[in-house]
>>> print(open('model_31.tsv').read())   # TSV, C-alpha atoms (C1' of nucleotides)
chain	number	residue	atom	x	y	z
A	92	MET	CA	-26.30	-27.92	-55.48
A	93	ALA	CA	-27.90	-31.05	-56.88
A	94	GLU	CA	-31.58	-30.78	-57.69
A	95	THR	CA	-34.17	-33.37	-58.53
A	96	PRO	CA	-36.60	-32.85	-61.39
A	97	GLY	CA	-39.04	-31.72	-58.71
A	98	GLY	CA	-36.53	-29.15	-57.49
A	99	GLU	CA	-35.65	-30.40	-53.98
A	100	SER	CA	-32.05	-30.37	-52.83
A	101	LEU	CA	-30.17	-33.66	-52.91
A	102	LEU	CA	-27.17	-32.39	-51.02
A	103	PHE	CA	-28.51	-34.13	-47.93
A	104	LEU	CA	-27.90	-37.50	-49.57
A	105	THR	CA	-24.15	-37.18	-50.00
A	106	ASP	CA	-21.97	-39.74	-48.24
A	107	GLU	CA	-20.65	-37.00	-46.02
A	108	GLN	CA	-24.13	-35.99	-44.92
A	109	LEU	CA	-25.00	-39.61	-44.27
A	110	ARG	CA	-21.86	-40.08	-42.18
A	111	LYS	CA	-22.75	-37.05	-40.13
A	112	GLY	CA	-26.17	-38.54	-39.53
A	113	ILE	CA	-24.56	-41.78	-38.41
A	114	GLU	CA	-22.30	-39.97	-35.98
A	115	ALA	CA	-25.15	-37.84	-34.72
A	116	MET	CA	-27.06	-41.03	-33.89
A	117	PHE	CA	-24.05	-42.43	-32.07
A	118	PHE	CA	-23.36	-39.39	-29.92
A	119	ALA	CA	-27.00	-38.58	-29.29
A	120	TYR	CA	-27.80	-42.10	-28.15
A	121	ARG	CA	-25.07	-41.77	-25.57
A	122	GLY	CA	-26.76	-38.67	-24.20
A	123	PHE	CA	-30.13	-40.34	-24.44
A	124	THR	CA	-29.12	-43.18	-22.11
A	125	ALA	CA	-26.74	-41.21	-19.89
A	126	ASP	CA	-29.19	-40.02	-17.24
A	127	PRO	CA	-31.01	-43.32	-16.60
A	128	ASP	CA	-27.66	-45.12	-16.64
A	129	ARG	CA	-26.37	-42.77	-13.99
A	130	ILE	CA	-29.43	-43.30	-11.79
A	131	LEU	CA	-29.36	-47.07	-12.20
A	132	GLY	CA	-25.63	-47.18	-11.59
A	133	GLY	CA	-26.20	-46.83	-7.88
A	134	MET	CA	-28.69	-49.69	-7.71
A	135	ASP	CA	-28.26	-53.27	-8.86
A	136	TYR	CA	-30.05	-52.52	-12.12
A	137	GLY	CA	-28.97	-51.65	-15.62
A	138	ARG	CA	-30.27	-50.57	-18.99
A	139	ALA	CA	-32.09	-53.83	-19.50
A	140	HIS	CA	-34.15	-53.27	-16.35
A	141	HIS	CA	-34.96	-49.78	-17.49
A	142	ARG	CA	-36.30	-51.03	-20.80
A	143	ALA	CA	-38.50	-53.63	-19.15
A	144	ILE	CA	-39.84	-51.06	-16.69
A	145	HIS	CA	-40.49	-48.57	-19.46
A	146	PHE	CA	-42.55	-50.89	-21.61
A	147	ILE	CA	-44.45	-52.45	-18.71
A	148	HIS	CA	-45.39	-48.94	-17.65
A	149	ARG	CA	-46.35	-48.13	-21.18
A	150	SER	CA	-48.51	-51.22	-21.66
A	151	PRO	CA	-49.73	-52.32	-18.25
A	152	GLY	CA	-50.85	-55.94	-18.21
A	153	THR	CA	-48.70	-56.82	-21.18
A	154	THR	CA	-47.55	-60.43	-21.46
A	155	VAL	CA	-44.06	-61.82	-21.44
A	156	SER	CA	-44.25	-62.81	-25.12
A	157	ASN	CA	-45.33	-59.34	-26.09
A	158	LEU	CA	-42.45	-57.84	-24.18
A	159	LEU	CA	-40.11	-60.25	-25.94
A	160	LEU	CA	-41.35	-59.00	-29.30
A	161	ILE	CA	-40.84	-55.38	-28.36
A	162	LEU	CA	-37.44	-55.78	-26.73
A	163	GLY	CA	-36.05	-58.22	-29.27
A	164	VAL	CA	-34.10	-60.34	-26.80
A	165	THR	CA	-34.34	-64.00	-25.83
A	166	LYS	CA	-36.70	-65.11	-23.11
A	167	GLN	CA	-33.73	-66.26	-21.04
A	168	SER	CA	-32.28	-62.78	-21.14
A	169	LEU	CA	-35.57	-61.08	-20.35
A	170	ASN	CA	-36.37	-63.60	-17.65
A	171	ARG	CA	-33.21	-62.84	-15.73
A	172	VAL	CA	-34.17	-59.18	-15.62
A	173	LEU	CA	-37.84	-59.79	-14.89
A	174	ARG	CA	-37.08	-62.21	-12.08
A	175	THR	CA	-35.05	-59.65	-10.15
A	176	LEU	CA	-37.68	-56.97	-10.69
A	177	ILE	CA	-40.40	-59.30	-9.37
A	178	GLU	CA	-38.27	-60.46	-6.43
A	179	ASP	CA	-37.53	-56.85	-5.52
A	180	GLY	CA	-41.21	-55.97	-5.66
A	181	LEU	CA	-41.09	-53.55	-8.58
A	182	VAL	CA	-43.12	-55.70	-10.95
A	183	ARG	CA	-46.15	-57.89	-10.32
A	184	SER	CA	-46.83	-60.94	-12.50
A	185	GLU	CA	-50.33	-62.46	-12.62
A	186	LYS	CA	-51.66	-65.53	-14.32
A	187	GLY	CA	-54.03	-64.65	-17.12
A	188	LYS	CA	-57.72	-65.22	-16.42
A	189	VAL	CA	-58.77	-66.00	-19.94
A	190	ASP	CA	-55.55	-67.81	-20.83
A	191	ALA	CA	-53.79	-69.06	-17.72
A	192	ARG	CA	-50.55	-69.74	-19.55
A	193	GLU	CA	-49.91	-66.04	-19.95
A	194	ARG	CA	-48.38	-63.83	-17.30
A	195	HIS	CA	-49.62	-60.27	-17.19
A	196	LEU	CA	-47.10	-57.74	-15.97
A	197	HIS	CA	-47.75	-54.59	-13.93
A	198	LEU	CA	-45.58	-52.12	-12.08
A	199	THR	CA	-46.12	-52.02	-8.32
A	200	ASP	CA	-46.21	-48.66	-6.53
A	201	LYS	CA	-42.51	-49.08	-5.90
A	202	GLY	CA	-42.01	-49.85	-9.58
A	203	GLN	CA	-43.99	-46.77	-10.55
A	204	MET	CA	-41.71	-44.66	-8.37
A	205	LEU	CA	-38.56	-45.86	-10.07
A	206	GLU	CA	-40.16	-45.54	-13.50
A	207	ARG	CA	-41.03	-41.97	-12.63
A	208	GLU	CA	-37.52	-41.15	-11.54
A	209	LEU	CA	-36.00	-42.63	-14.69
A	210	SER	CA	-38.44	-41.15	-17.14
A	211	ASP	CA	-38.34	-37.74	-15.47
A	212	ALA	CA	-34.64	-37.60	-16.16
A	213	GLN	CA	-34.95	-38.87	-19.70
A	214	ARG	CA	-37.87	-36.64	-20.53
A	215	ALA	CA	-36.10	-33.61	-19.12
A	216	ARG	CA	-33.29	-34.12	-21.60
A	217	MET	CA	-35.71	-34.82	-24.44
A	218	ARG	CA	-37.72	-31.73	-23.53
A	219	ALA	CA	-34.62	-29.55	-23.53
A	220	ALA	CA	-33.62	-30.91	-26.92
A	221	TYR	CA	-37.12	-30.42	-28.34
A	222	ARG	CA	-37.30	-26.90	-26.99
A	223	ALA	CA	-33.89	-26.03	-28.38
A	224	ALA	CA	-34.72	-27.42	-31.81
A	225	GLY	CA	-38.34	-26.30	-32.15
A	226	PRO	CA	-41.57	-28.01	-33.29
A	227	GLN	CA	-40.63	-28.17	-36.95
A	228	ALA	CA	-37.38	-29.95	-36.16
A	229	VAL	CA	-39.16	-32.36	-33.83
A	230	GLN	CA	-41.45	-33.46	-36.60
A	231	GLY	CA	-38.48	-34.13	-38.87
A	232	PHE	CA	-36.66	-35.93	-36.09
A	233	ARG	CA	-39.54	-38.35	-35.64
A	234	GLN	CA	-39.99	-38.84	-39.37
A	235	VAL	CA	-36.38	-39.82	-39.95
A	236	LEU	CA	-36.26	-42.11	-36.92
A	237	GLU	CA	-39.43	-43.85	-37.98
A	238	ALA	CA	-38.05	-44.38	-41.47
A	239	MET	CA	-34.90	-45.87	-39.97
A	240	MET	CA	-36.69	-48.65	-38.09
A	241	ASP	CA	-37.05	-52.21	-39.30
A	242	PRO	CA	-40.63	-52.71	-40.52
A	243	GLU	CA	-41.45	-55.07	-37.65
A	244	MET	CA	-40.16	-52.54	-35.11
A	245	ARG	CA	-42.11	-49.77	-36.82
A	246	ARG	CA	-45.23	-51.86	-36.32
A	247	GLN	CA	-44.47	-52.21	-32.63
A	248	TYR	CA	-43.73	-48.50	-32.36
A	249	ASN	CA	-46.99	-47.55	-33.99
A	250	ARG	CA	-48.96	-49.96	-31.85
A	251	LEU	CA	-47.59	-48.17	-28.80
A	252	LYS	CA	-48.33	-44.78	-30.28
A	253	GLU	CA	-52.04	-45.45	-30.69
A	254	GLY	CA	-52.62	-45.10	-26.96
A	255	GLY	CA	-51.11	-41.58	-26.86
B	159	MET	CA	-53.56	-26.69	-28.99
B	160	ALA	CA	-51.33	-24.93	-26.49
B	161	GLU	CA	-49.68	-21.77	-27.77
B	162	THR	CA	-46.87	-19.66	-26.41
B	163	PRO	CA	-47.09	-15.86	-26.35
B	164	GLY	CA	-45.01	-15.98	-29.51
B	165	GLY	CA	-47.54	-18.30	-31.09
B	166	GLU	CA	-45.60	-21.57	-31.57
B	167	SER	CA	-47.25	-24.86	-30.72
B	168	LEU	CA	-46.30	-26.45	-27.42
B	169	LEU	CA	-48.06	-29.73	-28.09
B	170	PHE	CA	-44.70	-31.24	-28.92
B	171	LEU	CA	-43.60	-30.78	-25.32
B	172	THR	CA	-46.31	-32.88	-23.70
B	173	ASP	CA	-45.17	-35.92	-21.75
B	174	GLU	CA	-46.82	-38.11	-24.33
B	175	GLN	CA	-44.90	-36.51	-27.17
B	176	LEU	CA	-41.69	-36.84	-25.20
B	177	ARG	CA	-42.37	-40.52	-24.55
B	178	LYS	CA	-42.93	-41.08	-28.24
B	179	GLY	CA	-39.60	-39.46	-28.94
B	180	ILE	CA	-37.94	-41.75	-26.41
B	181	GLU	CA	-39.46	-44.82	-27.98
B	182	ALA	CA	-38.58	-43.60	-31.47
B	183	MET	CA	-34.95	-43.34	-30.37
B	184	PHE	CA	-35.05	-46.84	-28.93
B	185	PHE	CA	-36.53	-48.55	-31.98
B	186	ALA	CA	-34.57	-46.49	-34.49
B	187	TYR	CA	-31.26	-47.23	-32.81
B	188	ARG	CA	-32.01	-50.91	-33.16
B	189	GLY	CA	-32.43	-50.45	-36.89
B	190	PHE	CA	-29.38	-48.23	-37.01
B	191	THR	CA	-27.10	-50.96	-35.65
B	192	ALA	CA	-28.87	-53.95	-37.18
B	193	ASP	CA	-27.00	-54.15	-40.49
B	194	PRO	CA	-23.44	-53.81	-39.17
B	195	ASP	CA	-24.29	-56.21	-36.34
B	196	ARG	CA	-25.46	-58.75	-38.87
B	197	ILE	CA	-22.29	-58.42	-40.94
B	198	LEU	CA	-20.02	-58.60	-37.89
B	199	GLY	CA	-21.96	-61.54	-36.49
B	200	GLY	CA	-20.21	-63.86	-38.93
B	201	MET	CA	-16.73	-62.68	-37.96
B	202	ASP	CA	-15.11	-62.54	-34.55
B	203	TYR	CA	-15.96	-58.87	-34.21
B	204	GLY	CA	-18.72	-56.87	-32.58
B	205	ARG	CA	-20.12	-53.38	-32.28
B	206	ALA	CA	-17.07	-52.16	-30.37
B	207	HIS	CA	-14.82	-53.11	-33.30
B	208	HIS	CA	-17.14	-51.31	-35.68
B	209	ARG	CA	-16.95	-48.11	-33.64
B	210	ALA	CA	-13.17	-48.19	-33.52
B	211	ILE	CA	-12.97	-48.82	-37.26
B	212	HIS	CA	-15.43	-46.04	-38.00
B	213	PHE	CA	-13.58	-43.36	-36.08
B	214	ILE	CA	-10.13	-44.43	-37.23
B	215	HIS	CA	-11.41	-44.21	-40.79
B	216	ARG	CA	-12.90	-40.84	-40.03
B	217	SER	CA	-9.75	-39.40	-38.45
B	218	PRO	CA	-6.78	-41.27	-39.88
B	219	GLY	CA	-3.70	-40.99	-37.71
B	220	THR	CA	-5.74	-40.29	-34.59
B	221	THR	CA	-4.19	-41.27	-31.28
B	222	VAL	CA	-5.42	-43.79	-28.74
B	223	SER	CA	-6.23	-41.03	-26.24
B	224	ASN	CA	-8.28	-39.18	-28.79
B	225	LEU	CA	-10.18	-42.33	-29.59
B	226	LEU	CA	-10.80	-42.86	-25.89
B	227	LEU	CA	-12.33	-39.39	-25.65
B	228	ILE	CA	-14.63	-40.02	-28.59
B	229	LEU	CA	-15.70	-43.52	-27.62
B	230	GLY	CA	-16.04	-42.85	-23.92
B	231	VAL	CA	-14.77	-46.24	-22.75
B	232	THR	CA	-11.79	-47.23	-20.64
B	233	LYS	CA	-8.41	-47.76	-22.26
B	234	GLN	CA	-8.50	-51.39	-21.15
B	235	SER	CA	-11.72	-51.90	-23.02
B	236	LEU	CA	-10.52	-50.11	-26.12
B	237	ASN	CA	-7.16	-51.81	-25.98
B	238	ARG	CA	-8.70	-55.26	-26.15
B	239	VAL	CA	-10.57	-54.31	-29.30
B	240	LEU	CA	-7.62	-52.49	-30.83
B	241	ARG	CA	-5.25	-55.37	-30.16
B	242	THR	CA	-7.35	-57.85	-32.11
B	243	LEU	CA	-7.76	-55.40	-34.98
B	244	ILE	CA	-3.98	-54.86	-35.13
B	245	GLU	CA	-3.23	-58.60	-34.82
B	246	ASP	CA	-5.67	-59.32	-37.62
B	247	GLY	CA	-4.06	-56.70	-39.82
B	248	LEU	CA	-7.01	-54.32	-40.07
B	249	VAL	CA	-5.39	-51.47	-38.17
B	250	ARG	CA	-1.84	-50.18	-38.21
B	251	SER	CA	-0.40	-48.49	-35.12
B	252	GLU	CA	2.68	-46.28	-35.47
B	253	LYS	CA	4.76	-44.53	-32.88
B	254	GLY	CA	4.41	-40.77	-33.11
B	255	LYS	CA	7.35	-38.95	-34.65
B	256	VAL	CA	6.96	-35.74	-32.71
B	257	ASP	CA	5.77	-37.46	-29.53
B	258	ALA	CA	6.87	-41.08	-29.53
B	259	ARG	CA	4.55	-42.01	-26.66
B	260	GLU	CA	1.56	-41.59	-28.88
B	261	ARG	CA	0.32	-44.26	-31.23
B	262	HIS	CA	-1.17	-43.07	-34.47
B	263	LEU	CA	-3.84	-45.34	-35.86
B	264	HIS	CA	-4.62	-46.04	-39.51
B	265	LEU	CA	-6.74	-48.58	-41.34
B	266	THR	CA	-4.83	-51.00	-43.54
B	267	ASP	CA	-6.22	-51.90	-46.96
B	268	LYS	CA	-7.91	-54.85	-45.34
B	269	GLY	CA	-9.34	-52.54	-42.69
B	270	GLN	CA	-10.57	-50.15	-45.37
B	271	MET	CA	-12.39	-53.01	-47.03
B	272	LEU	CA	-14.28	-53.98	-43.89
B	273	GLU	CA	-15.02	-50.33	-43.10
B	274	ARG	CA	-16.46	-49.98	-46.56
B	275	GLU	CA	-18.67	-53.00	-46.18
B	276	LEU	CA	-20.01	-51.86	-42.83
B	277	SER	CA	-20.57	-48.26	-43.75
B	278	ASP	CA	-22.14	-49.15	-47.08
B	279	ALA	CA	-24.80	-51.06	-45.22
B	280	GLN	CA	-25.33	-48.40	-42.62
B	281	ARG	CA	-25.38	-45.57	-45.13
B	282	ALA	CA	-27.84	-47.44	-47.31
B	283	ARG	CA	-30.30	-47.52	-44.45
B	284	MET	CA	-29.63	-43.91	-43.55
B	285	ARG	CA	-30.04	-42.88	-47.17
B	286	ALA	CA	-33.37	-44.65	-47.43
B	287	ALA	CA	-34.58	-42.98	-44.26
B	288	TYR	CA	-33.39	-39.56	-45.43
B	289	ARG	CA	-35.00	-40.01	-48.81
B	290	ALA	CA	-38.28	-41.12	-47.27
B	291	ALA	CA	-38.37	-38.20	-44.86
B	292	GLY	CA	-37.02	-35.43	-47.07
B	293	PRO	CA	-34.44	-32.65	-46.62
B	294	GLN	CA	-36.53	-30.57	-44.24
B	295	ALA	CA	-36.99	-33.52	-41.92
B	296	VAL	CA	-33.30	-34.36	-42.08
B	297	GLN	CA	-32.39	-30.93	-40.87
B	298	GLY	CA	-34.74	-31.28	-37.92
B	299	PHE	CA	-33.43	-34.77	-37.22
B	300	ARG	CA	-29.89	-33.48	-36.93
B	301	GLN	CA	-30.92	-30.47	-34.85
B	302	VAL	CA	-32.72	-32.55	-32.24
B	303	LEU	CA	-29.95	-35.14	-32.05
B	304	GLU	CA	-27.33	-32.47	-31.62
B	305	ALA	CA	-29.34	-30.85	-28.83
B	306	MET	CA	-29.62	-34.23	-27.13
B	307	MET	CA	-25.86	-34.76	-26.80
B	308	ASP	CA	-23.83	-34.03	-23.71
B	309	PRO	CA	-21.85	-30.82	-24.28
B	310	GLU	CA	-18.54	-32.66	-24.35
B	311	MET	CA	-19.88	-35.10	-26.95
B	312	ARG	CA	-21.26	-32.24	-28.98
B	313	ARG	CA	-17.78	-30.79	-29.06
B	314	GLN	CA	-16.39	-34.08	-30.35
B	315	TYR	CA	-19.17	-34.33	-32.90
B	316	ASN	CA	-18.54	-30.85	-34.21
B	317	ARG	CA	-14.81	-31.42	-34.38
B	318	LEU	CA	-15.50	-34.38	-36.66
B	319	LYS	CA	-17.95	-32.38	-38.72
B	320	GLU	CA	-15.44	-29.70	-39.63
B	321	GLY	CA	-13.62	-32.02	-42.01
B	322	GLY	CA	-16.81	-32.74	-44.02
C	288	DC	C1'	20.73	-34.67	-15.40
C	289	DT	C1'	17.22	-36.07	-12.77
C	290	DT	C1'	12.72	-36.51	-11.69
C	291	DG	C1'	7.69	-36.01	-12.10
C	292	DG	C1'	3.98	-36.97	-14.72
C	293	DA	C1'	1.65	-38.10	-19.08
C	294	DA	C1'	0.75	-41.67	-22.70
C	295	DA	C1'	0.37	-46.17	-23.68
C	296	DG	C1'	0.08	-50.90	-22.79
C	297	DT	C1'	-0.79	-55.12	-19.90
C	298	DC	C1'	-2.58	-58.48	-16.39
C	299	DA	C1'	-6.25	-59.99	-13.48
C	300	DA	C1'	-10.78	-60.18	-11.89
C	301	DC	C1'	-15.39	-59.14	-12.27
C	302	DA	C1'	-20.36	-57.81	-13.91
C	303	DA	C1'	-24.10	-56.85	-17.13
C	304	DG	C1'	-26.46	-58.52	-20.58
C	305	DG	C1'	-26.61	-60.67	-24.78
C	306	DC	C1'	-26.66	-65.70	-26.85
C	307	DT	C1'	-27.63	-71.15	-27.58
C	308	DG	C1'	-29.29	-75.55	-26.14
C	309	DA	C1'	-31.89	-78.55	-23.34
C	310	DC	C1'	-35.53	-79.49	-20.36
C	311	DG	C1'	-39.95	-79.11	-17.58
C	312	DT	C1'	-44.71	-77.75	-16.66
C	313	DA	C1'	-49.17	-76.12	-17.21
C	314	DA	C1'	-52.74	-74.92	-20.18
C	315	DA	C1'	-54.89	-74.50	-24.53
C	316	DT	C1'	-55.88	-76.35	-29.03
C	317	DT	C1'	-56.57	-79.78	-32.40
D	102	DA	C1'	-54.93	-88.16	-26.60
D	103	DA	C1'	-51.50	-85.69	-28.86
D	104	DT	C1'	-49.57	-81.45	-30.02
D	105	DT	C1'	-48.59	-76.73	-29.48
D	106	DT	C1'	-48.04	-72.55	-26.83
D	107	DA	C1'	-46.43	-69.67	-22.97
D	108	DC	C1'	-43.50	-69.49	-19.55
D	109	DG	C1'	-39.67	-70.62	-16.48
D	110	DT	C1'	-35.11	-72.44	-15.57
D	111	DC	C1'	-30.37	-74.54	-15.63
D	112	DA	C1'	-25.89	-74.46	-17.68
D	113	DG	C1'	-22.46	-72.47	-20.36
D	114	DC	C1'	-20.61	-69.22	-23.56
D	115	DC	C1'	-19.35	-64.44	-25.63
D	116	DT	C1'	-18.78	-59.42	-25.94
D	117	DT	C1'	-17.99	-55.44	-23.85
D	118	DG	C1'	-17.97	-52.73	-20.21
D	119	DT	C1'	-15.76	-51.87	-15.34
D	120	DT	C1'	-11.71	-51.26	-11.37
D	121	DG	C1'	-7.20	-51.74	-9.67
D	122	DA	C1'	-2.38	-52.41	-9.94
D	123	DC	C1'	1.69	-52.22	-12.45
D	124	DT	C1'	5.31	-51.31	-16.19
D	125	DT	C1'	7.53	-49.01	-19.96
D	126	DT	C1'	8.43	-45.14	-22.55
D	127	DC	C1'	9.14	-40.63	-23.04
D	128	DC	C1'	8.62	-35.41	-22.63
D	129	DA	C1'	9.45	-31.47	-20.00
D	130	DA	C1'	10.49	-28.79	-16.00
D	131	DG	C1'	13.39	-28.14	-12.16
>>> encode(input="model_31.tsv", output="structure tokens")
Amino acid sequence: MAETPGGESLLFLTDEQLRKGIEAMFFAYRGFTADPDRILGGMDYGRAHHRAIHFIHRSPGTTVSNLLLILGVTKQSLNRVLRTLIEDGLVRSEKGKVDARERHLHLTDKGQMLERELSDAQRARMRAAYRAAGPQAVQGFRQVLEAMMDPEMRRQYNRLKEGG
Amino acid sequence: MAETPGGESLLFLTDEQLRKGIEAMFFAYRGFTADPDRILGGMDYGRAHHRAIHFIHRSPGTTVSNLLLILGVTKQSLNRVLRTLIEDGLVRSEKGKVDARERHLHLTDKGQMLERELSDAQRARMRAAYRAAGPQAVQGFRQVLEAMMDPEMRRQYNRLKEGG
DNA sequence: CTTGGAAAGTCAACAAGGCTGACGTAAATT
DNA sequence: AATTTACGTCAGCCTTGTTGACTTTCCAAG
């Protein structure tokens, strides 16, 4: 077993270990999105709507530009999703009072209900995984994921974290 | 800090902690796919081609049905991807000798080269994340991801693992 | 040997959700 | 007054997923 001068194992850096990590990400992400996808399948919405709803819930009053930064899509793509959510009365968009060019986004009661349904399902799976793996594993899980992000995304992630 | 009778922390099971895990998955997956996406952007290929190439590399001689199980898409969807890869000489498809209905898939030399390029990039990121987080964290990372998979996907994942 | 069903492939049509490019409007900034 | 910013929108394209219908090939059981 390979050892560093400091004595830690380096076995975890073999190509084979890295490939397993890659495959674990692939299969786990499928599970991660499976429940919301199933719920949204019945309605006219998809994963893109879920993401918008999630981050509007997370940062009520956020602007369109901010959402664009977080989601990393074009405004045309986001707009298509946002328009249907507003039309269907799940999201409310208000002109900014200090800067009237900005639109501040909030979930309506109806939007809150759907958010709840989606996040209940997703959190149930996450909770089961956390419980099965234990607190120590959860810490490692978050550390590796954070290290895997692009720096700009890590900034966004940490900005969101501050609230919690 | 909430404690169980056994004494372990339960803080990691709060809704807020679960939400952070969800967001970590979202942002990390973006990083995870960013490098291959960038490489494939130049060519006529996309993420679907990458997945096919990855699993054919991983299980040379695998059949179309097996690939369908692993990828979880329809045969029509996979076939479109596979056809272009075969036409372009990245993948070789051979009739089975024991069961001639089956097609056994292999990467050609050209296919190996692209696989190498893609996985080098993806492994480099994974390696950096692993190194930054350390072996203990990596173990936890894999435990949580594995617990997050659907049982059927976990079976597929573990079947792949055996080889390594 | 025949037939039923599995494995693979194909065609057509469609939808979600990305993208680019161009354009318009209102509001803020310089 | 001119420029920039934030947002919305139209049009068109691509990838990648879907369903449904159909064919060919082939194994295996009756």
>>> closest_residue(input="model_31.tsv", among="B:Thr191, B:Thr172, B:Thr221, B:Gly179", to="chain C", atoms="all atoms listed in the file")
B:Thr221
>>> interface_residues(input="model_31.tsv", of="chain D", to="chain B", cutoff="12 Å", atoms="all atoms listed in the file", output="list in words")
DC115, DT116, DT117, DG118, DT119, DT120, DG121, DT125, DT126, DC127, DC128 and DA129 of chain D
>>> atom_distance(input="model_31.tsv", atom1="CA of Val302 in chain B", atom2="CA of Tyr221 in chain A")
6.3 Å
>>> closest_residue(input="model_31.tsv", among="A:Leu205, A:Met116, A:Ile147, A:Val189", to="chain C", atoms="all atoms listed in the file")
A:Val189
>>> atom_distance(input="model_31.tsv", atom1="CA of Ala295 in chain B", atom2="CA of Ala220 in chain A")
15.6 Å
>>> closest_residue(input="model_31.tsv", among="A:Gly163, A:Met217, A:Arg207, A:Glu237", to="chain C", atoms="only C-alpha atoms (C1' of nucleotides)")
A:Gly163
>>> interface_residues(input="model_31.tsv", of="chain C", to="chain A", cutoff="12 Å", atoms="only C-alpha atoms (C1' of nucleotides)", output="JSON, numbers by chain")
{"C": [302, 303, 304, 305, 306, 307, 308, 312, 313, 314, 315, 316]}
>>> decode(input="model_31.tsv", residues="chain D", atoms="C-alpha atoms (C1' of nucleotides)", output="mmCIF file, in the first residue's frame")
data_model
loop_
_atom_site.group_PDB
_atom_site.id
_atom_site.type_symbol
_atom_site.label_atom_id
_atom_site.label_comp_id
_atom_site.auth_asym_id
_atom_site.auth_seq_id
_atom_site.Cartn_x
_atom_site.Cartn_y
_atom_site.Cartn_z
ATOM 1 C "C1'" DA D 102 -27.644 62.809 -23.933
ATOM 2 C "C1'" DA D 103 -25.437 58.592 -24.505
ATOM 3 C "C1'" DT D 104 -24.368 54.255 -22.773
ATOM 4 C "C1'" DT D 105 -25.001 50.280 -20.063
ATOM 5 C "C1'" DT D 106 -27.730 47.027 -17.466
ATOM 6 C "C1'" DA D 107 -31.650 43.926 -16.559
ATOM 7 C "C1'" DC D 108 -35.075 41.732 -18.507
ATOM 8 C "C1'" DG D 109 -38.126 39.804 -22.010
ATOM 9 C "C1'" DT D 110 -39.009 37.795 -26.500
ATOM 10 C "C1'" DC D 111 -38.916 35.831 -31.294
ATOM 11 C "C1'" DA D 112 -36.870 32.517 -34.325
ATOM 12 C "C1'" DG D 113 -34.233 28.634 -35.231
ATOM 13 C "C1'" DC D 114 -31.105 24.996 -34.134
ATOM 14 C "C1'" DC D 115 -29.124 20.748 -31.530
ATOM 15 C "C1'" DT D 116 -28.917 16.856 -28.305
ATOM 16 C "C1'" DT D 117 -31.087 13.547 -26.013
ATOM 17 C "C1'" DG D 118 -34.779 11.714 -24.126
ATOM 18 C "C1'" DT D 119 -39.671 9.595 -25.104
ATOM 19 C "C1'" DT D 120 -43.657 6.310 -27.526
ATOM 20 C "C1'" DG D 121 -45.352 3.417 -31.016
ATOM 21 C "C1'" DA D 122 -45.076 0.410 -34.841
ATOM 22 C "C1'" DC D 123 -42.570 -2.694 -37.490
ATOM 23 C "C1'" DT D 124 -38.852 -5.988 -39.300
ATOM 24 C "C1'" DT D 125 -35.135 -9.239 -39.122
ATOM 25 C "C1'" DT D 126 -32.627 -12.604 -36.930
ATOM 26 C "C1'" DC D 127 -32.219 -16.255 -34.166
ATOM 27 C "C1'" DC D 128 -32.738 -19.490 -30.054
ATOM 28 C "C1'" DA D 129 -35.446 -22.776 -27.822
ATOM 29 C "C1'" DA D 130 -39.501 -25.327 -26.666
ATOM 30 C "C1'" DG D 131 -43.354 -27.816 -28.258
#
